[in-house]
Each structure stands twice: as C-alpha cells, then as structure tokens.
file entry22.txt (compact mmCIF, C-alpha atoms)
# COMPACT_ATOMS: atom_id res chain seq x y z
CA MET S 1 -12.77 -0.82 0.20
CA ARG S 2 -15.03 -3.85 0.38
CA PRO S 3 -14.92 -5.94 3.58
CA PRO S 4 -13.85 -9.58 3.13
CA LYS S 5 -16.80 -11.88 2.62
CA GLN S 6 -17.44 -14.75 5.00
CA HIS S 7 -16.51 -17.94 3.21
CA LYS S 8 -18.31 -21.17 3.85
CA GLN S 9 -16.44 -23.99 5.54
CA ARG S 10 -14.45 -25.73 2.84
CA THR S 11 -15.14 -29.42 2.27
CA LYS S 12 -13.26 -31.88 0.12
CA SER S 13 -13.72 -31.45 -3.62
CA MET S 14 -12.43 -33.51 -6.54
CA SER S 15 -11.46 -30.24 -8.25
CA GLU S 16 -10.00 -28.57 -5.16
CA LEU S 17 -6.98 -26.30 -5.67
CA ILE S 18 -4.66 -25.05 -2.93
CA PHE S 19 -1.91 -22.44 -3.36
CA SER S 20 0.16 -20.36 -0.98
CA LEU S 21 0.93 -16.66 -0.75
CA ALA S 22 4.29 -16.47 0.95
CA ALA S 23 7.76 -14.98 0.97
CA GLY S 24 10.79 -17.12 0.28
CA ARG S 25 12.31 -18.87 3.31
CA SER S 26 9.00 -18.76 5.20
CA GLY S 27 8.24 -22.47 5.20
CA SER S 28 6.74 -23.20 1.78
CA ALA S 29 8.80 -26.39 1.33
CA TRP S 30 7.65 -27.67 4.72
CA LEU S 31 4.06 -26.69 3.91
CA ALA S 32 4.14 -28.84 0.77
CA LYS S 33 5.23 -31.87 2.79
CA PHE S 34 2.60 -31.12 5.43
CA LEU S 35 -0.23 -30.88 2.91
CA GLU S 36 0.80 -34.07 1.14
CA ALA S 37 1.08 -35.97 4.42
CA ASN S 38 -2.35 -34.87 5.61
CA LEU S 39 -4.54 -34.31 2.55
CA GLY S 40 -3.87 -37.61 0.83
CA PHE S 41 -2.81 -36.33 -2.59
CA PRO S 42 0.55 -35.26 -4.07
CA THR S 43 1.58 -31.65 -3.46
CA VAL S 44 4.11 -29.70 -5.52
CA HIS S 45 6.55 -27.30 -3.91
CA GLU S 46 8.35 -25.90 -6.97
CA PRO S 47 8.30 -27.56 -10.41
CA PHE S 48 11.94 -27.79 -11.52
CA GLY S 49 11.76 -29.77 -14.77
CA ILE S 50 13.73 -28.47 -17.73
CA ASP S 51 10.51 -27.52 -19.52
CA ASP S 52 8.75 -26.12 -16.45
CA PHE S 53 10.30 -22.65 -16.43
CA GLY S 54 8.06 -20.32 -18.40
CA ASN S 55 5.27 -22.91 -18.52
CA THR S 56 4.40 -24.17 -15.02
CA MET S 57 7.12 -22.31 -13.11
CA PRO S 58 7.55 -18.55 -13.56
CA ASP S 59 10.81 -17.63 -15.25
CA ILE S 60 12.74 -14.39 -14.86
CA ARG S 61 10.90 -12.76 -17.75
CA THR S 62 7.52 -13.52 -16.17
CA MET S 63 8.60 -12.23 -12.78
CA ARG S 64 10.11 -9.02 -14.14
CA SER S 65 7.22 -8.39 -16.53
CA PHE S 66 4.62 -8.49 -13.77
CA ASN S 67 6.57 -6.27 -11.40
CA MET S 68 7.47 -3.74 -14.09
CA ARG S 69 4.37 -3.81 -16.30
CA GLY S 70 1.68 -5.70 -14.40
CA MET S 71 -0.62 -8.25 -16.06
CA ASP S 72 0.80 -7.84 -19.55
CA ASP S 73 0.73 -10.36 -22.40
CA VAL S 74 3.85 -12.16 -21.12
CA VAL S 75 2.31 -12.72 -17.70
CA ARG S 76 -1.10 -13.67 -19.03
CA GLY S 77 0.54 -16.11 -21.45
CA PHE S 78 2.35 -17.83 -18.58
CA TRP S 79 -0.83 -18.13 -16.54
CA GLY S 80 -2.75 -19.52 -19.48
CA ARG S 81 -0.19 -22.32 -19.75
CA LYS S 82 0.01 -22.79 -15.99
CA MET S 83 -3.72 -23.13 -15.37
CA ALA S 84 -4.18 -25.37 -18.39
CA SER S 85 -1.56 -27.75 -16.96
CA LEU S 86 -3.44 -28.37 -13.70
CA PRO S 87 -5.41 -31.60 -13.26
CA LYS S 88 -9.13 -31.09 -13.76
CA ASP S 89 -10.58 -34.20 -12.13
CA LYS S 90 -8.51 -34.49 -8.95
CA PRO S 91 -7.29 -32.11 -6.25
CA TYR S 92 -4.02 -30.25 -6.62
CA ALA S 93 -1.85 -28.26 -4.21
CA GLU S 94 1.24 -26.16 -4.88
CA THR S 95 3.15 -24.06 -2.36
CA ASN S 96 5.51 -22.34 -4.82
CA HIS S 97 6.10 -18.89 -3.32
CA THR S 98 7.06 -17.28 -6.64
CA LEU S 99 3.49 -17.59 -7.97
CA GLY S 100 2.16 -14.92 -5.63
CA LYS S 101 4.74 -12.42 -6.91
CA CYS S 102 3.64 -12.55 -10.55
CA GLY S 103 -0.15 -12.66 -10.78
CA LEU S 104 -1.51 -15.72 -8.95
CA ILE S 105 -4.34 -13.87 -7.22
CA GLU S 106 -5.13 -11.69 -10.24
CA THR S 107 -5.45 -14.87 -12.31
CA LEU S 108 -7.69 -16.66 -9.82
CA ILE S 109 -10.31 -13.92 -9.61
CA ASP S 110 -11.12 -14.31 -13.31
CA HIS S 111 -10.78 -18.09 -13.42
CA PRO S 112 -13.78 -20.48 -13.34
CA ARG S 113 -12.06 -22.58 -10.67
CA CYS S 114 -11.72 -19.71 -8.21
CA ASP S 115 -14.55 -21.03 -6.02
CA ASP S 116 -12.71 -24.34 -5.64
CA THR S 117 -9.47 -22.63 -4.61
CA THR S 118 -7.97 -21.86 -1.21
CA VAL S 119 -4.89 -19.65 -0.83
CA ILE S 120 -2.86 -20.14 2.35
CA ILE S 121 -1.28 -16.90 3.53
CA LEU S 122 1.88 -18.30 5.08
CA ARG S 123 3.92 -16.10 7.41
CA ARG S 124 7.06 -16.56 9.49
CA ASN S 125 8.66 -14.48 12.24
CA LEU S 126 9.99 -11.54 10.21
CA ALA S 127 13.35 -11.29 11.95
CA LYS S 128 14.09 -14.99 11.49
CA GLN S 129 12.92 -14.82 7.89
CA CYS S 130 15.12 -11.83 7.09
CA ALA S 131 18.14 -13.32 8.88
CA SER S 132 17.83 -16.38 6.66
CA TYR S 133 18.24 -14.25 3.51
CA ILE S 134 21.28 -12.50 4.97
CA GLN S 135 23.00 -15.69 6.13
CA ARG S 136 22.52 -17.24 2.68
CA ASN S 137 23.48 -14.02 0.86
CA ASP S 138 20.34 -14.43 -1.22
CA CYS S 139 20.04 -10.69 -1.84
CA GLY S 140 23.56 -10.17 -3.16
CA ASN S 141 22.83 -11.49 -6.66
CA MET S 142 20.35 -9.72 -8.95
CA THR S 143 19.52 -12.95 -10.79
CA LEU S 144 18.34 -14.49 -7.51
CA LEU S 145 16.19 -11.45 -6.82
CA TRP S 146 14.64 -11.61 -10.29
CA GLN S 147 13.85 -15.33 -10.12
CA TRP S 148 13.03 -15.99 -6.48
CA TYR S 149 12.45 -12.78 -4.57
CA LEU S 150 11.72 -9.18 -5.63
CA ALA S 151 14.07 -6.45 -6.84
CA PRO S 152 13.80 -3.07 -5.08
CA ASN S 153 14.29 -1.27 -8.41
CA TYR S 154 11.09 -2.68 -9.87
CA ARG S 155 8.74 -0.02 -11.20
CA ASN S 156 5.83 -1.09 -9.02
CA VAL S 157 6.40 -1.72 -5.32
CA ILE S 158 4.38 -0.85 -2.21
CA LEU S 159 7.24 -0.05 0.18
CA LYS S 160 9.60 2.68 -1.03
CA PRO S 161 13.10 1.14 -1.08
CA GLU S 162 15.41 4.17 -1.07
CA SER S 163 16.23 4.24 2.65
CA PHE S 164 16.86 0.48 2.64
CA LEU S 165 19.18 0.58 -0.37
CA LYS S 166 21.64 2.72 1.59
CA MET S 167 22.23 -0.36 3.77
CA GLY S 168 23.45 -2.58 0.92
CA VAL S 169 22.44 -6.23 0.71
CA VAL S 170 21.23 -6.19 4.32
CA GLY S 171 18.88 -3.36 3.41
CA THR S 172 17.67 -5.29 0.36
CA ALA S 173 16.86 -8.27 2.59
CA LEU S 174 15.00 -6.03 5.02
CA TRP S 175 13.09 -4.33 2.20
CA TYR S 176 12.04 -7.63 0.63
CA THR S 177 10.88 -9.00 3.98
CA LEU S 178 8.64 -6.00 4.58
CA GLU S 179 7.49 -5.65 0.95
CA MET S 180 6.17 -9.21 1.05
CA GLU S 181 4.34 -8.49 4.29
CA CYS S 182 2.75 -5.51 2.49
CA ARG S 183 1.81 -7.66 -0.49
CA GLN S 184 0.12 -10.27 1.65
CA GLN S 185 -1.86 -7.46 3.27
CA TYR S 186 -2.62 -5.93 -0.14
CA TYR S 187 -4.04 -9.11 -1.63
CA GLU S 188 -6.26 -9.83 1.32
CA GLN S 189 -7.54 -6.25 1.44
CA VAL S 190 -8.21 -5.98 -2.30
CA TYR S 191 -9.35 -9.51 -3.14
CA GLY S 192 -10.61 -10.92 0.16
CA ASP S 193 -14.20 -10.77 -1.10
CA ARG S 194 -13.38 -12.92 -4.13
CA VAL S 195 -10.63 -15.32 -3.07
CA ARG S 196 -10.74 -17.64 -0.07
CA PHE S 197 -7.71 -16.98 2.13
CA VAL S 198 -6.70 -18.89 5.24
CA HIS S 199 -3.87 -17.91 7.57
CA ALA S 200 -0.88 -19.96 8.70
CA GLN S 201 1.93 -18.72 10.94
CA LEU S 202 4.88 -21.10 10.57
CA GLU S 203 5.75 -21.05 14.25
CA ASP S 204 2.17 -22.14 15.04
CA VAL S 205 1.46 -24.68 12.32
CA ILE S 206 4.54 -26.77 13.19
CA THR S 207 2.80 -27.56 16.49
CA PRO S 208 0.03 -30.20 16.77
CA GLU S 209 -2.59 -27.63 17.79
CA GLY S 210 -1.71 -25.12 15.08
CA ALA S 211 -1.47 -27.84 12.44
CA ARG S 212 -4.89 -29.19 13.34
CA LYS S 213 -6.37 -25.69 13.10
CA LEU S 214 -4.92 -25.25 9.61
CA LEU S 215 -6.42 -28.58 8.55
CA ALA S 216 -9.78 -27.49 9.95
CA ASP S 217 -9.55 -24.29 7.91
CA LEU S 218 -8.98 -26.52 4.87
CA GLY S 219 -12.08 -28.59 5.68
CA ARG S 220 -10.38 -31.52 7.38
CA ASP S 221 -11.37 -32.44 10.92
CA GLN S 222 -8.46 -34.69 11.82
CA ALA S 223 -5.29 -34.93 13.85
CA ALA S 224 -2.23 -33.70 11.98
CA THR S 225 0.91 -35.48 10.84
CA LEU S 226 3.91 -33.17 11.25
CA PRO S 227 6.79 -33.71 8.79
CA PRO S 228 10.38 -32.76 9.70
CA LYS S 229 11.95 -29.45 8.68
CA ALA S 230 12.44 -28.94 4.95
CA ASN S 231 14.95 -26.81 3.01
CA ALA S 232 16.47 -25.50 6.24
CA ASN S 233 19.70 -23.49 6.21
CA VAL S 234 22.86 -25.56 6.59
CA ALA S 235 24.29 -23.03 9.05
CA PRO S 236 22.49 -22.71 12.41
CA PRO S 237 20.44 -19.55 12.95
CA ASP S 238 22.49 -16.51 13.97
CA VAL S 239 20.70 -15.57 17.18
CA GLY S 240 22.56 -12.27 17.48
CA LEU S 241 21.60 -11.27 13.94
CA ILE S 242 17.97 -12.19 14.56
CA ASP S 243 17.94 -10.04 17.70
CA GLU S 244 19.46 -7.08 15.81
CA ILE S 245 16.87 -7.34 13.05
CA ASP S 246 14.04 -7.68 15.56
CA THR S 247 15.25 -4.52 17.33
CA PHE S 248 15.54 -2.66 14.03
CA LEU S 249 12.04 -3.66 12.94
CA SER S 250 10.57 -2.62 16.26
CA LYS S 251 11.99 0.89 15.76
CA THR S 252 10.86 1.41 12.17
CA GLY S 253 7.18 1.89 12.98
CA PHE S 254 6.43 -0.45 10.07
CA ASP S 255 2.67 -0.71 9.47
CA ALA S 256 1.80 -2.86 6.46
CA GLN S 257 -1.90 -2.02 6.60
CA ALA S 258 -1.22 1.73 6.56
CA LEU S 259 1.31 1.42 3.72
CA VAL S 260 -1.14 -0.58 1.63
CA ALA S 261 -3.89 1.95 2.29
CA GLN S 262 -1.56 4.76 1.18
CA TYR S 263 -0.60 2.82 -1.97
CA LEU S 264 -4.23 2.18 -2.87
CA ASP S 265 -5.31 5.72 -2.09
CA ALA S 266 -2.66 6.95 -4.53
CA GLY S 267 -4.40 4.96 -7.27
CA PHE S 268 -1.87 2.17 -7.66
CA SER S 269 -2.39 -1.59 -8.05
CA LEU S 270 0.02 -4.48 -8.48
CA ASP S 271 -1.60 -5.57 -11.73
CA GLN S 272 -1.12 -1.97 -12.97
CA SER S 273 -4.69 -1.76 -14.21
CA HIS S 274 -4.73 1.81 -12.85
CA LYS S 275 -4.21 4.82 -15.07
CA LYS S 276 -1.54 6.35 -12.87
CA GLN S 277 1.95 4.87 -13.18
CA PRO S 278 4.14 4.32 -10.13
CA GLN S 279 7.42 6.21 -10.07
CA VAL S 280 10.44 4.20 -11.15
CA ALA S 281 12.69 3.63 -8.16
CA ALA S 282 15.81 3.03 -10.25
CA SER S 283 16.78 1.86 -13.71
CA SER S 284 16.54 -1.87 -14.41
call {"tool": "encode", "arguments": {"input": "entry22.txt", "output": "structure tokens"}}
result
Amino acid sequence: MRPPKQHKQRTKSMSELIFSLAAGRSGSAWLAKFLEANLGFPTVHEPFGIDDFGNTMPDIRTMRSFNMRGMDDVVRGFWGRKMASLPKDKPYAETNHTLGKCGLIETLIDHPRCDDTTVIILRRNLAKQCASYIQRNDCGNMTLLWQWYLAPNYRNVILKPESFLKMGVVGTALWYTLEMECRQQYYEQVYGDRVRFVHAQLEDVITPEGARKLLADLGRDQAATLPPKANANVAPPDVGLIDEIDTFLSKTGFDAQALVAQYLDAGFSLDQSHKKQPQVAASS
C-alpha cells in the first residue's frame, strides 16, 4: 500500500473544488453553511431540484448500481453529467454526503480537475451519529437506505452485516455507522496519494479554534465565522441511548483500519475493478 503523499498548502484558485466524504447526520448541512460563510462563494449542500436527481444528485439507481456493481455504465453516466455541470471559471463547494457512497473519489482520480480539489473527511462522535439515525427511524425504510445511506444487503460492503442484522433496525443503524467509518478509512488508504484529503471532526470544527484550523487546511488564514446548527433533530438527543451505543461500540473491538486491510488483502475494492467478486450478503 502506498503511503499518502504530502500535499502542498492549498491556496485560493478560481477553479477550486471542495467536496466532503461523510456519513449522513454527521454535520454536512452545517459544513455547507460554514464554507459559504467563510470562503466567500455559494456552497451547495444537496441539490433538490426536480431535474437534479440522476443528473447532479445521485438517484436510487446510481446508489444501488455502485454498491452492487461498482463503477458501471450507470454510475459513470451520472458522474459525466455531474462533473460537466460544475462551474469551470469559479470555485465550487458541495457537502452532499451521498456523493462519497457512489463513486466521488473514483471519479476524481481520473478527472483533470483532481489537483484543484479538496475532499473534507467529516466525522462526528459515532454514538451520537448512530443515535440520530435511531431516533429518526431512518433505517426502518429500505427506500431511505437506498437513497441516503447504505443497505446492508448490498453485494459489496467492507463490514460484514450478519451479526448486526439480528438486531433489527438498531443493528442496521449501527452497521451503517461503522461501515461509513470503514469507507472513510478505505478511501484515504487507497487514494491518499492521489486525492487531497483534510480532516474535520464536527465536535472540533464548531469551536473557534477547530474552525480556524479547518480554514487553514483549506488555505485560508483567517478567523472563522460559525453558523448556527443546521438540519438538527427536532427531538432532543437521547442521552441514555447515546450512552448505550457508546458502551456497545467500546465492547465490539471495532477497528476500521484492520477491517479495511482485511478487505483489501482479500482482493476487493469498492469500484469492483478487482477480479474477485464479494459474496452477496442477502438478496436485493
């Protein structure tokens, strides 16, 4: 495995692109507001226009195609339309968390604008993140999993889901939380020598010091403007649930780096460019 290359300090560019690699409910809506408030150009969270789905916003077919078949013609067609839609003579940022689940990084490595692109790896406290899915019942509807999250019965996943599925929708939420942690680790391990990644922990970047550090990583030496919370749950956080999840996670021995290494050693890849096919977890 190649070690990540040392990237030069990023400075402002008229063709600069910024994306995020994040799980749902980890702060991507807030990050969009933060970037727009501090970078001086409009930032998109998720394009929701009637013609966006399938063109600038992944639709269910795109999401399922990538996670079942990798970078097939459906996925490549979407990314051709997506990249062609981006402005070419002014900077652009988008924090849409679905992009990283259907070929964002695989597209960037072959794209002529890769050197102008920064991908923010956005993380949140895993227990709080998972509790948010459970409180909203986000994992109880397969359509939501197909469009916004990941389905544990996809052909190609890093974390085996069987033990989690015995726990019902709570197990699905736990599996998705940890699968996304694995995928963030995977992309940085595999593509860190070709894509510029910077790190942002939500609990840190909502503070003045953490926000200023993120701006410095993006090439801006300035004090940060901190927007209010965005897309927060209506119900207050369930502290007891968060504590239960935190205790559970501490007992699992979860090690994303080791799981990714095992996945790669077995000859698998998320774009499915390997010859060996992952085992189907369940019918879809």
call {"tool": "atom_distance", "arguments": {"input": "entry22.txt", "atom1": "CA of Leu215 (chain S)", "atom2": "CA of Val119 (chain S)"}}
result
13.0 Å
call {"tool": "closest_residue", "arguments": {"input": "entry22.txt", "among": "S:Phe66, S:Phe48, S:Tyr149, S:Phe53", "to": "Ala22 (chain S)", "atoms": "all atoms listed in the file"}}
result
S:Tyr149
call {"tool": "closest_atom_pairs", "arguments": {"input": "entry22.txt", "of": "region 139-238 of chain S", "to": "region 123-129 of chain S", "cutoff": "7 Å", "atoms": "all atoms listed in the file", "output": "JSON lines"}}
result
{"residue": "S:Thr177", "atom": "CA", "partner": "S:Leu126", "partner_atom": "CA", "distance": 6.8}
{"residue": "S:Ala200", "atom": "CA", "partner": "S:Arg123", "partner_atom": "CA", "distance": 6.3}
{"residue": "S:Gln201", "atom": "CA", "partner": "S:Arg123", "partner_atom": "CA", "distance": 4.8}
{"residue": "S:Leu202", "atom": "CA", "partner": "S:Arg124", "partner_atom": "CA", "distance": 5.2}
{"residue": "S:Glu203", "atom": "CA", "partner": "S:Arg124", "partner_atom": "CA", "distance": 6.7}
call {"tool": "closest_atom_pairs", "arguments": {"input": "entry22.txt", "of": "region 16-57 of chain S", "to": "region 81-105 of chain S", "cutoff": "8 Å", "atoms": "all atoms listed in the file", "output": "JSON lines"}}
result
{"residue": "S:Glu16", "atom": "CA", "partner": "S:Pro91", "partner_atom": "CA", "distance": 4.6}
{"residue": "S:Leu17", "atom": "CA", "partner": "S:Tyr92", "partner_atom": "CA", "distance": 5.0}
{"residue": "S:Ile18", "atom": "CA", "partner": "S:Ala93", "partner_atom": "CA", "distance": 4.5}
{"residue": "S:Phe19", "atom": "CA", "partner": "S:Glu94", "partner_atom": "CA", "distance": 5.1}
{"residue": "S:Ser20", "atom": "CA", "partner": "S:Thr95", "partner_atom": "CA", "distance": 5.0}
{"residue": "S:Leu21", "atom": "CA", "partner": "S:Gly100", "partner_atom": "CA", "distance": 5.3}
{"residue": "S:Ala22", "atom": "CA", "partner": "S:His97", "partner_atom": "CA", "distance": 5.2}
{"residue": "S:Ala23", "atom": "CA", "partner": "S:His97", "partner_atom": "CA", "distance": 6.0}
{"residue": "S:Gly24", "atom": "CA", "partner": "S:His97", "partner_atom": "CA", "distance": 6.2}
{"residue": "S:Ser28", "atom": "CA", "partner": "S:Thr95", "partner_atom": "CA", "distance": 5.5}
{"residue": "S:Ala29", "atom": "CA", "partner": "S:Thr95", "partner_atom": "CA", "distance": 7.1}
{"residue": "S:Leu31", "atom": "CA", "partner": "S:Thr95", "partner_atom": "CA", "distance": 6.9}
{"residue": "S:Ala32", "atom": "CA", "partner": "S:Thr95", "partner_atom": "CA", "distance": 5.8}
{"residue": "S:Leu35", "atom": "CA", "partner": "S:Ala93", "partner_atom": "CA", "distance": 7.8}
{"residue": "S:Phe41", "atom": "CA", "partner": "S:Pro91", "partner_atom": "CA", "distance": 7.2}
{"residue": "S:Pro42", "atom": "CA", "partner": "S:Tyr92", "partner_atom": "CA", "distance": 7.2}
{"residue": "S:Thr43", "atom": "CA", "partner": "S:Ala93", "partner_atom": "CA", "distance": 4.9}
{"residue": "S:Val44", "atom": "CA", "partner": "S:Glu94", "partner_atom": "CA", "distance": 4.6}
{"residue": "S:His45", "atom": "CA", "partner": "S:Thr95", "partner_atom": "CA", "distance": 4.9}
{"residue": "S:Glu46", "atom": "CA", "partner": "S:Asn96", "partner_atom": "CA", "distance": 5.0}
{"residue": "S:Asn55", "atom": "CA", "partner": "S:Arg81", "partner_atom": "CA", "distance": 5.6}
{"residue": "S:Thr56", "atom": "CA", "partner": "S:Lys82", "partner_atom": "CA", "distance": 4.7}
{"residue": "S:Met57", "atom": "CA", "partner": "S:Lys82", "partner_atom": "CA", "distance": 7.7}
call {"tool": "atom_distance", "arguments": {"input": "entry22.txt", "atom1": "CA of Arg25 (chain S)", "atom2": "CA of Ala232 (chain S)"}}
result
8.4 Å
call {"tool": "residues_near_point", "arguments": {"input": "entry22.txt", "point": "(21.5, -14.2, 3.8)", "cutoff": "12 Å", "atoms": "only C-alpha atoms", "output": "PDB file with C-alpha atoms, in the frame of the given file"}}
result
ATOM      1  CA  GLY S  24      10.790 -17.120   0.280  1.00  0.00           C
ATOM      2  CA  ARG S  25      12.310 -18.870   3.310  1.00  0.00           C
ATOM      3  CA  ALA S 127      13.350 -11.290  11.950  1.00  0.00           C
ATOM      4  CA  LYS S 128      14.090 -14.990  11.490  1.00  0.00           C
ATOM      5  CA  GLN S 129      12.920 -14.820   7.890  1.00  0.00           C
ATOM      6  CA  CYS S 130      15.120 -11.830   7.090  1.00  0.00           C
ATOM      7  CA  ALA S 131      18.140 -13.320   8.880  1.00  0.00           C
ATOM      8  CA  SER S 132      17.830 -16.380   6.660  1.00  0.00           C
ATOM      9  CA  TYR S 133      18.240 -14.250   3.510  1.00  0.00           C
ATOM     10  CA  ILE S 134      21.280 -12.500   4.970  1.00  0.00           C
ATOM     11  CA  GLN S 135      23.000 -15.690   6.130  1.00  0.00           C
ATOM     12  CA  ARG S 136      22.520 -17.240   2.680  1.00  0.00           C
ATOM     13  CA  ASN S 137      23.480 -14.020   0.860  1.00  0.00           C
ATOM     14  CA  ASP S 138      20.340 -14.430  -1.220  1.00  0.00           C
ATOM     15  CA  CYS S 139      20.040 -10.690  -1.840  1.00  0.00           C
ATOM     16  CA  GLY S 140      23.560 -10.170  -3.160  1.00  0.00           C
ATOM     17  CA  ASN S 141      22.830 -11.490  -6.660  1.00  0.00           C
ATOM     18  CA  LEU S 144      18.340 -14.490  -7.510  1.00  0.00           C
ATOM     19  CA  VAL S 169      22.440  -6.230   0.710  1.00  0.00           C
ATOM     20  CA  VAL S 170      21.230  -6.190   4.320  1.00  0.00           C
ATOM     21  CA  GLY S 171      18.880  -3.360   3.410  1.00  0.00           C
ATOM     22  CA  THR S 172      17.670  -5.290   0.360  1.00  0.00           C
ATOM     23  CA  ALA S 173      16.860  -8.270   2.590  1.00  0.00           C
ATOM     24  CA  LEU S 174      15.000  -6.030   5.020  1.00  0.00           C
ATOM     25  CA  TYR S 176      12.040  -7.630   0.630  1.00  0.00           C
ATOM     26  CA  THR S 177      10.880  -9.000   3.980  1.00  0.00           C
ATOM     27  CA  ASN S 233      19.700 -23.490   6.210  1.00  0.00           C
ATOM     28  CA  VAL S 234      22.860 -25.560   6.590  1.00  0.00           C
ATOM     29  CA  ALA S 235      24.290 -23.030   9.050  1.00  0.00           C
ATOM     30  CA  PRO S 237      20.440 -19.550  12.950  1.00  0.00           C
ATOM     31  CA  ASP S 238      22.490 -16.510  13.970  1.00  0.00           C
ATOM     32  CA  LEU S 241      21.600 -11.270  13.940  1.00  0.00           C
ATOM     33  CA  ILE S 242      17.970 -12.190  14.560  1.00  0.00           C
TER      34      ILE S 242
END
call {"tool": "atom_distance", "arguments": {"input": "entry22.txt", "atom1": "CA of Arg196 (chain S)", "atom2": "CA of Tyr263 (chain S)"}}
result
22.9 Å
call {"tool": "residues_around", "arguments": {"input": "entry22.txt", "residues": "Arg61 (chain S)", "least_positions_apart": "5", "cutoff": "12 Å", "atoms": "all atoms listed in the file", "output": "tab-separated table (two decimals) with C-alpha atoms, keeping the file's coordinate frame"}}
result
chain	number	residue	atom	x	y	z
S	53	PHE	CA	10.30	-22.65	-16.43
S	54	GLY	CA	8.06	-20.32	-18.40
S	55	ASN	CA	5.27	-22.91	-18.52
S	66	PHE	CA	4.62	-8.49	-13.77
S	67	ASN	CA	6.57	-6.27	-11.40
S	68	MET	CA	7.47	-3.74	-14.09
S	69	ARG	CA	4.37	-3.81	-16.30
S	72	ASP	CA	0.80	-7.84	-19.55
S	73	ASP	CA	0.73	-10.36	-22.40
S	74	VAL	CA	3.85	-12.16	-21.12
S	75	VAL	CA	2.31	-12.72	-17.70
S	77	GLY	CA	0.54	-16.11	-21.45
S	78	PHE	CA	2.35	-17.83	-18.58
S	102	CYS	CA	3.64	-12.55	-10.55
S	143	THR	CA	19.52	-12.95	-10.79
S	146	TRP	CA	14.64	-11.61	-10.29
S	147	GLN	CA	13.85	-15.33	-10.12
S	148	TRP	CA	13.03	-15.99	-6.48
call {"tool": "closest_atom_pairs", "arguments": {"input": "entry22.txt", "of": "region 160-210 of chain S", "to": "region 264-271 of chain S", "cutoff": "10 Å", "atoms": "only C-alpha atoms", "output": "JSON lines"}}
result
{"residue": "S:Arg183", "atom": "CA", "partner": "S:Leu270", "partner_atom": "CA", "distance": 8.8}
{"residue": "S:Tyr186", "atom": "CA", "partner": "S:Leu264", "partner_atom": "CA", "distance": 8.7}
{"residue": "S:Tyr187", "atom": "CA", "partner": "S:Leu270", "partner_atom": "CA", "distance": 9.2}
{"residue": "S:Val190", "atom": "CA", "partner": "S:Leu264", "partner_atom": "CA", "distance": 9.1}
call {"tool": "closest_residue", "arguments": {"input": "entry22.txt", "among": "S:Thr252, S:Asp115, S:Val195, S:Gly70", "to": "Ser163 (chain S)", "atoms": "only C-alpha atoms"}}
result
S:Thr252
call {"tool": "residues_around", "arguments": {"input": "entry22.txt", "residues": "Ala37 (chain S)", "least_positions_apart": "5", "cutoff": "8 Å", "atoms": "all atoms listed in the file", "output": "list in words"}}
result
Thr225, Leu226 and Pro227 of chain S
call {"tool": "closest_residue", "arguments": {"input": "entry22.txt", "among": "S:Asn156, S:Ser273, S:Gln257, S:Thr247", "to": "Gln184 (chain S)", "atoms": "all atoms listed in the file"}}
result
S:Gln257
